[in-house]
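Participant: PDB, N, CA and C atoms, file protein19.pdb:
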ATOM      1  N   ARG C   1      12.129  13.776 -47.421
ATOM      2  CA  ARG C   1      13.494  13.786 -47.931
ATOM      3  C   ARG C   1      13.729  15.089 -48.671
ATOM      4  N   GLU C   2      14.762  15.795 -48.242
ATOM      5  CA  GLU C   2      15.085  17.084 -48.864
ATOM      6  C   GLU C   2      16.551  17.143 -49.248
ATOM      7  N   LEU C   3      16.786  17.770 -50.372
ATOM      8  CA  LEU C   3      18.128  18.064 -50.843
ATOM      9  C   LEU C   3      18.256  19.576 -50.826
ATOM     10  N   VAL C   4      19.216  20.096 -50.058
ATOM     11  CA  VAL C   4      19.400  21.539 -49.917
ATOM     12  C   VAL C   4      20.749  21.901 -50.532
ATOM     13  N   VAL C   5      20.734  22.872 -51.448
ATOM     14  CA  VAL C   5      21.962  23.327 -52.103
ATOM     15  C   VAL C   5      22.115  24.812 -51.816
ATOM     16  N   LYS C   6      23.266  25.170 -51.220
ATOM     17  CA  LYS C   6      23.569  26.575 -50.911
ATOM     18  C   LYS C   6      24.871  26.950 -51.600
ATOM     19  N   SER C   7      25.023  28.245 -51.872
ATOM     20  CA  SER C   7      26.277  28.712 -52.457
ATOM     21  C   SER C   7      26.637  30.058 -51.861
ATOM     22  N   SER C   8      27.911  30.328 -51.904
ATOM     23  CA  SER C   8      28.406  31.632 -51.494
ATOM     24  C   SER C   8      29.163  32.196 -52.682
ATOM     25  N   PRO C   9      28.690  33.236 -53.347
ATOM     26  CA  PRO C   9      27.483  34.010 -53.085
ATOM     27  C   PRO C   9      26.231  33.267 -53.542
ATOM     28  N   PRO C  10      25.075  33.627 -52.961
ATOM     29  CA  PRO C  10      23.821  32.990 -53.359
ATOM     30  C   PRO C  10      23.362  33.467 -54.738
ATOM     31  N   GLY C  11      22.372  32.796 -55.292
ATOM     32  CA  GLY C  11      21.806  33.197 -56.578
ATOM     33  C   GLY C  11      22.325  32.418 -57.767
ATOM     34  N   ALA C  12      23.131  31.377 -57.521
ATOM     35  CA  ALA C  12      23.657  30.563 -58.616
ATOM     36  C   ALA C  12      22.571  29.644 -59.157
ATOM     37  N   ALA C  13      22.563  29.459 -60.467
ATOM     38  CA  ALA C  13      21.633  28.515 -61.089
ATOM     39  C   ALA C  13      22.073  27.100 -60.736
ATOM     40  N   VAL C  14      21.114  26.266 -60.313
ATOM     41  CA  VAL C  14      21.409  24.895 -59.905
ATOM     42  C   VAL C  14      20.837  23.929 -60.939
ATOM     43  N   TYR C  15      21.684  23.030 -61.423
ATOM     44  CA  TYR C  15      21.270  21.975 -62.339
ATOM     45  C   TYR C  15      21.503  20.643 -61.632
ATOM     46  N   ILE C  16      20.443  19.842 -61.510
ATOM     47  CA  ILE C  16      20.560  18.523 -60.908
ATOM     48  C   ILE C  16      20.315  17.494 -62.001
ATOM     49  N   ASN C  17      21.330  16.671 -62.250
ATOM     50  CA  ASN C  17      21.287  15.675 -63.329
ATOM     51  C   ASN C  17      20.901  16.310 -64.664
ATOM     52  N   GLY C  18      21.455  17.486 -64.941
ATOM     53  CA  GLY C  18      21.256  18.147 -66.224
ATOM     54  C   GLY C  18      19.993  18.982 -66.339
ATOM     55  N   ARG C  19      19.145  18.984 -65.336
ATOM     56  CA  ARG C  19      17.900  19.769 -65.377
ATOM     57  C   ARG C  19      17.996  20.960 -64.453
ATOM     58  N   GLN C  20      17.617  22.128 -64.972
ATOM     59  CA  GLN C  20      17.636  23.320 -64.138
ATOM     60  C   GLN C  20      16.578  23.181 -63.050
ATOM     61  N   SER C  21      17.017  23.384 -61.806
ATOM     62  CA  SER C  21      16.135  23.156 -60.668
ATOM     63  C   SER C  21      15.803  24.420 -59.900
ATOM     64  N   GLY C  22      16.497  25.522 -60.177
ATOM     65  CA  GLY C  22      16.247  26.767 -59.470
ATOM     66  C   GLY C  22      17.554  27.472 -59.163
ATOM     67  N   LYS C  23      17.496  28.370 -58.178
ATOM     68  CA  LYS C  23      18.679  29.138 -57.773
ATOM     69  C   LYS C  23      18.945  28.915 -56.295
ATOM     70  N   THR C  24      20.211  29.080 -55.921
ATOM     71  CA  THR C  24      20.578  28.910 -54.519
ATOM     72  C   THR C  24      20.099  30.105 -53.697
ATOM     73  N   PRO C  25      19.696  29.891 -52.474
ATOM     74  CA  PRO C  25      19.564  28.607 -51.784
ATOM     75  C   PRO C  25      18.359  27.835 -52.295
ATOM     76  N   LEU C  26      18.552  26.539 -52.538
ATOM     77  CA  LEU C  26      17.519  25.691 -53.129
ATOM     78  C   LEU C  26      17.199  24.537 -52.184
ATOM     79  N   THR C  27      15.911  24.303 -51.965
ATOM     80  CA  THR C  27      15.447  23.135 -51.219
ATOM     81  C   THR C  27      14.544  22.343 -52.142
ATOM     82  N   LYS C  28      14.899  21.089 -52.380
ATOM     83  CA  LYS C  28      14.157  20.253 -53.323
ATOM     84  C   LYS C  28      13.885  18.895 -52.683
ATOM     85  N   GLU C  29      12.640  18.475 -52.768
ATOM     86  CA  GLU C  29      12.286  17.147 -52.263
ATOM     87  C   GLU C  29      12.700  16.095 -53.284
ATOM     88  N   PHE C  30      13.026  14.884 -52.776
ATOM     89  CA  PHE C  30      13.346  13.774 -53.676
ATOM     90  C   PHE C  30      12.728  12.486 -53.143
ATOM     91  N   ASP C  31      12.507  11.543 -54.052
ATOM     92  CA  ASP C  31      11.880  10.280 -53.686
ATOM     93  C   ASP C  31      12.878   9.146 -53.517
ATOM     94  N   PHE C  32      13.945   9.161 -54.300
ATOM     95  CA  PHE C  32      14.865   8.039 -54.318
ATOM     96  C   PHE C  32      16.285   8.494 -53.972
ATOM     97  N   TYR C  33      17.007   7.622 -53.283
ATOM     98  CA  TYR C  33      18.409   7.867 -52.975
ATOM     99  C   TYR C  33      19.252   7.462 -54.181
ATOM    100  N   GLY C  34      20.463   7.944 -54.220
ATOM    101  CA  GLY C  34      21.367   7.619 -55.318
ATOM    102  C   GLY C  34      22.191   8.834 -55.683
ATOM    103  N   ALA C  35      23.167   8.623 -56.540
ATOM    104  CA  ALA C  35      24.074   9.692 -56.944
ATOM    105  C   ALA C  35      23.353  10.704 -57.827
ATOM    106  N   ARG C  36      23.703  11.967 -57.619
ATOM    107  CA  ARG C  36      23.168  13.068 -58.418
ATOM    108  C   ARG C  36      24.324  14.001 -58.790
ATOM    109  N   GLU C  37      24.305  14.452 -60.035
ATOM    110  CA  GLU C  37      25.287  15.441 -60.462
ATOM    111  C   GLU C  37      24.694  16.829 -60.215
ATOM    112  N   ILE C  38      25.430  17.640 -59.478
ATOM    113  CA  ILE C  38      24.993  19.009 -59.201
ATOM    114  C   ILE C  38      25.965  19.959 -59.878
ATOM    115  N   VAL C  39      25.408  20.888 -60.671
ATOM    116  CA  VAL C  39      26.205  21.907 -61.350
ATOM    117  C   VAL C  39      25.665  23.264 -60.924
ATOM    118  N   LEU C  40      26.569  24.173 -60.529
ATOM    119  CA  LEU C  40      26.192  25.532 -60.156
ATOM    120  C   LEU C  40      26.844  26.503 -61.121
ATOM    121  N   ARG C  41      26.038  27.439 -61.652
ATOM    122  CA  ARG C  41      26.540  28.446 -62.594
ATOM    123  C   ARG C  41      26.109  29.825 -62.136
ATOM    124  N   LEU C  42      27.066  30.747 -62.160
ATOM    125  CA  LEU C  42      26.795  32.140 -61.808
ATOM    126  C   LEU C  42      27.755  33.008 -62.609
ATOM    127  N   ASP C  43      27.212  34.047 -63.263
ATOM    128  CA  ASP C  43      28.054  34.946 -64.058
ATOM    129  C   ASP C  43      29.183  35.507 -63.213
ATOM    130  N   GLY C  44      30.382  35.470 -63.782
ATOM    131  CA  GLY C  44      31.557  36.004 -63.100
ATOM    132  C   GLY C  44      32.230  35.008 -62.176
ATOM    133  N   TYR C  45      31.705  33.764 -62.108
ATOM    134  CA  TYR C  45      32.269  32.743 -61.231
ATOM    135  C   TYR C  45      32.495  31.457 -62.003
ATOM    136  N   LYS C  46      33.470  30.683 -61.540
ATOM    137  CA  LYS C  46      33.772  29.393 -62.155
ATOM    138  C   LYS C  46      32.598  28.438 -61.911
ATOM    139  N   THR C  47      32.239  27.670 -62.941
ATOM    140  CA  THR C  47      31.172  26.679 -62.815
ATOM    141  C   THR C  47      31.633  25.552 -61.899
ATOM    142  N   GLU C  48      30.810  25.226 -60.911
ATOM    143  CA  GLU C  48      31.109  24.132 -59.983
ATOM    144  C   GLU C  48      30.317  22.909 -60.407
ATOM    145  N   LYS C  49      30.980  21.768 -60.436
ATOM    146  CA  LYS C  49      30.327  20.521 -60.843
ATOM    147  C   LYS C  49      30.782  19.426 -59.887
ATOM    148  N   THR C  50      29.811  18.731 -59.296
ATOM    149  CA  THR C  50      30.152  17.657 -58.361
ATOM    150  C   THR C  50      29.058  16.595 -58.366
ATOM    151  N   VAL C  51      29.426  15.423 -57.900
ATOM    152  CA  VAL C  51      28.453  14.334 -57.759
ATOM    153  C   VAL C  51      28.285  14.074 -56.266
ATOM    154  N   VAL C  52      27.036  14.070 -55.820
ATOM    155  CA  VAL C  52      26.737  13.809 -54.414
ATOM    156  C   VAL C  52      25.888  12.549 -54.317
ATOM    157  N   SER C  53      26.038  11.851 -53.207
ATOM    158  CA  SER C  53      25.245  10.648 -52.933
ATOM    159  C   SER C  53      24.708  10.739 -51.516
ATOM    160  N   PRO C  54      23.465  11.202 -51.367
ATOM    161  CA  PRO C  54      22.891  11.260 -50.019
ATOM    162  C   PRO C  54      22.899   9.874 -49.378
ATOM    163  N   THR C  55      23.321   9.818 -48.115
ATOM    164  CA  THR C  55      23.376   8.533 -47.425
ATOM    165  C   THR C  55      21.978   8.103 -46.999
ATOM    166  N   VAL C  56      21.727   6.830 -47.137
ATOM    167  CA  VAL C  56      20.423   6.266 -46.791
ATOM    168  C   VAL C  56      20.386   6.055 -45.277
ATOM    169  N   PRO C  57      19.383   6.633 -44.596
ATOM    170  CA  PRO C  57      19.299   6.437 -43.146
ATOM    171  C   PRO C  57      18.894   5.000 -42.795
ATOM    172  N   TRP C  58      19.202   4.609 -41.583
ATOM    173  CA  TRP C  58      18.974   3.223 -41.147
ATOM    174  C   TRP C  58      17.511   2.814 -41.263
ATOM    175  N   TYR C  59      16.577   3.711 -41.097
ATOM    176  CA  TYR C  59      15.154   3.355 -41.109
ATOM    177  C   TYR C  59      14.596   3.201 -42.529
ATOM    178  N   GLU C  60      15.436   3.344 -43.549
ATOM    179  CA  GLU C  60      15.003   3.165 -44.934
ATOM    180  C   GLU C  60      15.378   1.789 -45.503
ATOM    181  N   PHE C  61      16.019   0.947 -44.696
ATOM    182  CA  PHE C  61      16.407  -0.379 -45.165
ATOM    183  C   PHE C  61      15.312  -1.400 -44.852
ATOM    184  N   PHE C  62      15.189  -2.394 -45.730
ATOM    185  CA  PHE C  62      14.228  -3.473 -45.557
ATOM    186  C   PHE C  62      14.661  -4.353 -44.395
ATOM    187  N   PRO C  63      13.826  -4.821 -43.540
ATOM    188  CA  PRO C  63      12.380  -4.687 -43.414
ATOM    189  C   PRO C  63      11.952  -3.529 -42.508
ATOM    190  N   ILE C  64      12.949  -2.793 -41.977
ATOM    191  CA  ILE C  64      12.627  -1.693 -41.064
ATOM    192  C   ILE C  64      11.758  -0.647 -41.755
ATOM    193  N   ASP C  65      11.998  -0.407 -43.050
ATOM    194  CA  ASP C  65      11.222   0.599 -43.770
ATOM    195  C   ASP C  65       9.731   0.264 -43.801
ATOM    196  N   LEU C  66       9.381  -1.020 -43.867
ATOM    197  CA  LEU C  66       7.972  -1.416 -43.849
ATOM    198  C   LEU C  66       7.308  -1.025 -42.537
ATOM    199  N   PHE C  67       8.029  -1.206 -41.462
ATOM    200  CA  PHE C  67       7.490  -0.839 -40.152
ATOM    201  C   PHE C  67       7.215   0.662 -40.082
ATOM    202  N   PHE C  68       8.179   1.459 -40.517
ATOM    203  CA  PHE C  68       8.030   2.917 -40.428
ATOM    204  C   PHE C  68       7.019   3.473 -41.432
ATOM    205  N   GLU C  69       6.845   2.824 -42.574
ATOM    206  CA  GLU C  69       5.923   3.340 -43.587
ATOM    207  C   GLU C  69       4.501   2.814 -43.434
ATOM    208  N   LEU C  70       4.347   1.569 -42.958
ATOM    209  CA  LEU C  70       3.020   0.975 -42.916
ATOM    210  C   LEU C  70       2.434   0.863 -41.505
ATOM    211  N   ILE C  71       3.224   0.372 -40.576
ATOM    212  CA  ILE C  71       2.701   0.127 -39.234
ATOM    213  C   ILE C  71       2.734   1.383 -38.368
ATOM    214  N   LEU C  72       3.818   2.097 -38.399
ATOM    215  CA  LEU C  72       3.983   3.311 -37.601
ATOM    216  C   LEU C  72       4.297   4.471 -38.545
ATOM    217  N   PRO C  73       3.280   5.010 -39.194
ATOM    218  CA  PRO C  73       3.541   6.052 -40.210
ATOM    219  C   PRO C  73       3.955   7.390 -39.601
ATOM    220  N   LEU C  74       5.202   7.474 -39.227
ATOM    221  CA  LEU C  74       5.765   8.724 -38.704
ATOM    222  C   LEU C  74       6.349   9.538 -39.844
ATOM    223  N   ARG C  75       6.348  10.817 -39.672
ATOM    224  CA  ARG C  75       6.991  11.710 -40.646
ATOM    225  C   ARG C  75       8.420  11.964 -40.185
ATOM    226  N   LEU C  76       9.337  11.195 -40.705
ATOM    227  CA  LEU C  76      10.747  11.396 -40.374
ATOM    228  C   LEU C  76      11.351  12.344 -41.397
ATOM    229  N   HIS C  77      12.120  13.297 -40.915
ATOM    230  CA  HIS C  77      12.693  14.325 -41.781
ATOM    231  C   HIS C  77      14.139  13.975 -42.099
ATOM    232  N   ASP C  78      14.429  13.767 -43.375
ATOM    233  CA  ASP C  78      15.774  13.419 -43.825
ATOM    234  C   ASP C  78      16.273  14.537 -44.724
ATOM    235  N   ARG C  79      17.213  15.344 -44.215
ATOM    236  CA  ARG C  79      17.692  16.534 -44.922
ATOM    237  C   ARG C  79      19.175  16.380 -45.245
ATOM    238  N   HIS C  80      19.509  16.574 -46.515
ATOM    239  CA  HIS C  80      20.900  16.498 -46.969
ATOM    240  C   HIS C  80      21.280  17.870 -47.519
ATOM    241  N   GLU C  81      22.257  18.489 -46.872
ATOM    242  CA  GLU C  81      22.639  19.861 -47.227
ATOM    243  C   GLU C  81      24.051  19.897 -47.800
ATOM    244  N   TYR C  82      24.188  20.617 -48.917
ATOM    245  CA  TYR C  82      25.484  20.770 -49.586
ATOM    246  C   TYR C  82      25.742  22.257 -49.810
ATOM    247  N   SER C  83      26.920  22.711 -49.418
ATOM    248  CA  SER C  83      27.298  24.120 -49.576
ATOM    249  C   SER C  83      28.516  24.221 -50.480
ATOM    250  N   PHE C  84      28.515  25.262 -51.302
ATOM    251  CA  PHE C  84      29.599  25.470 -52.256
ATOM    252  C   PHE C  84      30.099  26.906 -52.161
ATOM    253  N   ASP C  85      31.414  27.085 -52.153
ATOM    254  CA  ASP C  85      32.030  28.409 -52.240
ATOM    255  C   ASP C  85      32.467  28.590 -53.687
ATOM    256  N   LEU C  86      31.797  29.488 -54.397
ATOM    257  CA  LEU C  86      32.108  29.718 -55.802
ATOM    258  C   LEU C  86      33.370  30.561 -55.933
ATOM    259  N   THR C  87      34.195  30.208 -56.917
ATOM    260  CA  THR C  87      35.463  30.900 -57.159
ATOM    261  C   THR C  87      35.281  31.953 -58.240
ATOM    262  N   PRO C  88      35.604  33.225 -57.921
ATOM    263  CA  PRO C  88      35.472  34.268 -58.949
ATOM    264  C   PRO C  88      36.426  34.019 -60.111
ATOM    265  N   LEU C  89      35.961  34.343 -61.312
ATOM    266  CA  LEU C  89      36.823  34.251 -62.489
ATOM    267  C   LEU C  89      37.790  35.427 -62.478
ATOM    268  N   PRO C  90      39.017  35.224 -62.959
ATOM    269  CA  PRO C  90      39.953  36.345 -63.005
ATOM    270  C   PRO C  90      39.484  37.393 -64.013
ATOM    271  N   ASP C  91      39.726  38.652 -63.690
ATOM    272  CA  ASP C  91      39.374  39.730 -64.614
ATOM    273  C   ASP C  91      40.304  39.673 -65.818
ATOM    274  N   ARG C  92      39.716  39.834 -66.995
ATOM    275  CA  ARG C  92      40.524  39.871 -68.213
ATOM    276  C   ARG C  92      40.577  41.309 -68.690
ATOM    277  N   PRO C  93      41.754  41.796 -68.858
ATOM    278  CA  PRO C  93      41.868  43.169 -69.360
ATOM    279  C   PRO C  93      41.199  43.306 -70.730
ATOM    280  N   GLU C  94      40.668  44.486 -70.993
ATOM    281  CA  GLU C  94      39.973  44.751 -72.249
ATOM    282  C   GLU C  94      40.890  44.538 -73.455
ATOM    283  N   GLU C  95      42.159  44.875 -73.300
ATOM    284  CA  GLU C  95      43.110  44.707 -74.411
ATOM    285  C   GLU C  95      43.243  43.231 -74.799
ATOM    286  N   ASP C  96      43.286  42.365 -73.804
ATOM    287  CA  ASP C  96      43.398  40.932 -74.061
ATOM    288  C   ASP C  96      42.170  40.444 -74.836
ATOM    289  N   LEU C  97      41.000  40.928 -74.471
ATOM    290  CA  LEU C  97      39.769  40.557 -75.153
ATOM    291  C   LEU C  97      39.788  41.019 -76.610
ATOM    292  N   ILE C  98      40.254  42.225 -76.850
ATOM    293  CA  ILE C  98      40.331  42.755 -78.218
ATOM    294  C   ILE C  98      41.328  41.952 -79.041
ATOM    295  N   LYS C  99      42.472  41.593 -78.466
ATOM    296  CA  LYS C  99      43.465  40.789 -79.182
ATOM    297  C   LYS C  99      42.889  39.427 -79.577
ATOM    298  N   ARG C 100      42.158  38.810 -78.664
ATOM    299  CA  ARG C 100      41.561  37.512 -78.975
ATOM    300  C   ARG C 100      40.503  37.637 -80.065
ATOM    301  N   ALA C 101      39.746  38.730 -80.058
ATOM    302  CA  ALA C 101      38.726  38.949 -81.087
ATOM    303  C   ALA C 101      39.379  39.109 -82.456
ATOM    304  N   HIS C 102      40.482  39.875 -82.526
ATOM    305  CA  HIS C 102      41.198  40.037 -83.795
ATOM    306  C   HIS C 102      41.769  38.696 -84.278
ATOM    307  N   LYS C 103      42.263  37.901 -83.351
ATOM    308  CA  LYS C 103      42.813  36.586 -83.726
ATOM    309  C   LYS C 103      41.713  35.695 -84.291
ATOM    310  N   VAL C 104      40.539  35.681 -83.665
ATOM    311  CA  VAL C 104      39.431  34.855 -84.153
ATOM    312  C   VAL C 104      39.022  35.316 -85.542
ATOM    313  N   ARG C 105      38.946  36.626 -85.759
ATOM    314  CA  ARG C 105      38.588  37.147 -87.081
ATOM    315  C   ARG C 105      39.591  36.743 -88.142
ATOM    316  N   SER C 106      40.875  36.853 -87.803
ATOM    317  CA  SER C 106      41.915  36.506 -88.799
ATOM    318  C   SER C 106      41.935  35.004 -89.070
ATOM    319  N   ASP C 107      41.593  34.172 -88.070
ATOM    320  CA  ASP C 107      41.554  32.730 -88.273
ATOM    321  C   ASP C 107      40.384  32.306 -89.158
ATOM    322  N   GLU C 108      39.306  33.090 -89.169
ATOM    323  CA  GLU C 108      38.130  32.758 -89.963
ATOM    324  C   GLU C 108      38.366  33.008 -91.458
ATOM    325  N   LYS C 109      39.293  33.890 -91.800
ATOM    326  CA  LYS C 109      39.542  34.234 -93.205
ATOM    327  C   LYS C 109      40.397  33.241 -93.914
TER
END
Mind turning the file's structure into structure tokens?

Facilitator:
Amino acid sequence: RELVVKSSPPGAAVYINGRQSGKTPLTKEFDFYGAREIVLRLDGYKTEKTVVSPTVPWYEFFPIDLFFELILPLRLHDRHEYSFDLTPLPDRPEEDLIKRAHKVRSDEK
């Protein structure tokens, strides 16, 4: 069982259920099916956050799973791939940044 996370552009930090798991493209094995929160972060791009639920294949349901795991131990490959197009953040002019810095300073006093 594999969970594959890709992004365009590649190199985004991947967090699965709040734990940093690596950078895209990422291939990670998993033991259990169920919902997972995936967060992608990359400087200069909007953070992407989504919940995915890999579908359970027919051969993983009881009692069929016993046959495939115990009687006929085949290596079945179950791959779930998710791709994300990251959105660039808008450029902020330097003047806008300076104005916000002055506002924060004046608010602190």

Participant: When distances are computed from all atoms listed in the file, which of C:Phe84, C:Arg19, C:Lys28, C:Glu94 shows the smallest separation from C:Glu48?

Facilitator: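 Of C:Phe84, C:Arg19, C:Lys28, C:Glu94, the one nearest C:Glu48 is C:Phe84, counting all atoms listed in the file.
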
Participant: Name every residue that the PyMOL selection byres ((chain C and resi 40) around 8) selects in this structure, writing the answer as a ChimeraX atom specification with chains first and numbers rising.

Facilitator: /C:12-16,37-39,41-43,45-50

Participant: Box in all listed atoms of stretch 74-90 of chain C, axis-aligned, with 3 Å more on each side; write out centre and edge lengths in Å to one decimal as AutoDock Vina command-line options.

Facilitator:
--center_x 22.6 --center_y 22.4 --center_z -51.4 --size_x 40.8 --size_y 35.9 --size_z 31.3

Participant: Tell me, which residues of chain C carry DSSP strand (DSSP E), written as a PyMOL selection string?

Facilitator: chain C and resi 2-8+13-16+19-23+26-29+36-41+48-52+79-85

Participant: Can you measure atom CA of C:Glu108 to atom C of C:Gly44 for me? One decimal in Å is fine.

Facilitator: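 According to the coordinates, atom CA of C:Glu108 and atom C of C:Gly44 are separated by 28.5 Å.
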
Participant: Please list, as a PyMOL selection string, the residues that have an atom at most 8 Å away from (26.4, 16.6, -54.2) in the coordinates of this file, counting only C-alpha atoms.

Facilitator: chain C and resi 35-38+50-54+82

Participant: Would you give me, as a PyMOL selection string, the residues in stretch 4-109 of chain C that DSSP reads as helix (DSSP H, G or I)?

Facilitator: chain C and resi 58-60+64-71+94-108

Participant: Excluding stretch 2-4 of chain C and its own-chain neighbours fewer than 2 positions away, which residues fall within 8 Å of it when counting only C-alpha atoms? Please give them as number ranges by chain.

Facilitator: C: 6, 25-30, 77-82

Participant: Quick check, in Å to one decimal: how far apart do atom C of C:Val5 and atom N of C:Asp85 lie?

Facilitator: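 Calculated distance between atom C of C:Val5 and atom N of C:Asp85 is 9.6 Å.
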
Participant: Can you tell me how far atom N of C:Asp107 sits from atom N of C:Pro93, in Å to one decimal?

Facilitator: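 A separation of 20.7 Å between them.
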
Participant: Name the closest residue to C:Asp31 among the candidates C:Leu86, C:Ser8, C:Arg1, C:Gly18; distances are taken between atoms, counting all atoms listed in the file.

Facilitator: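 Looking at the shortest contact to C:Asp31, the residue is C:Arg1.
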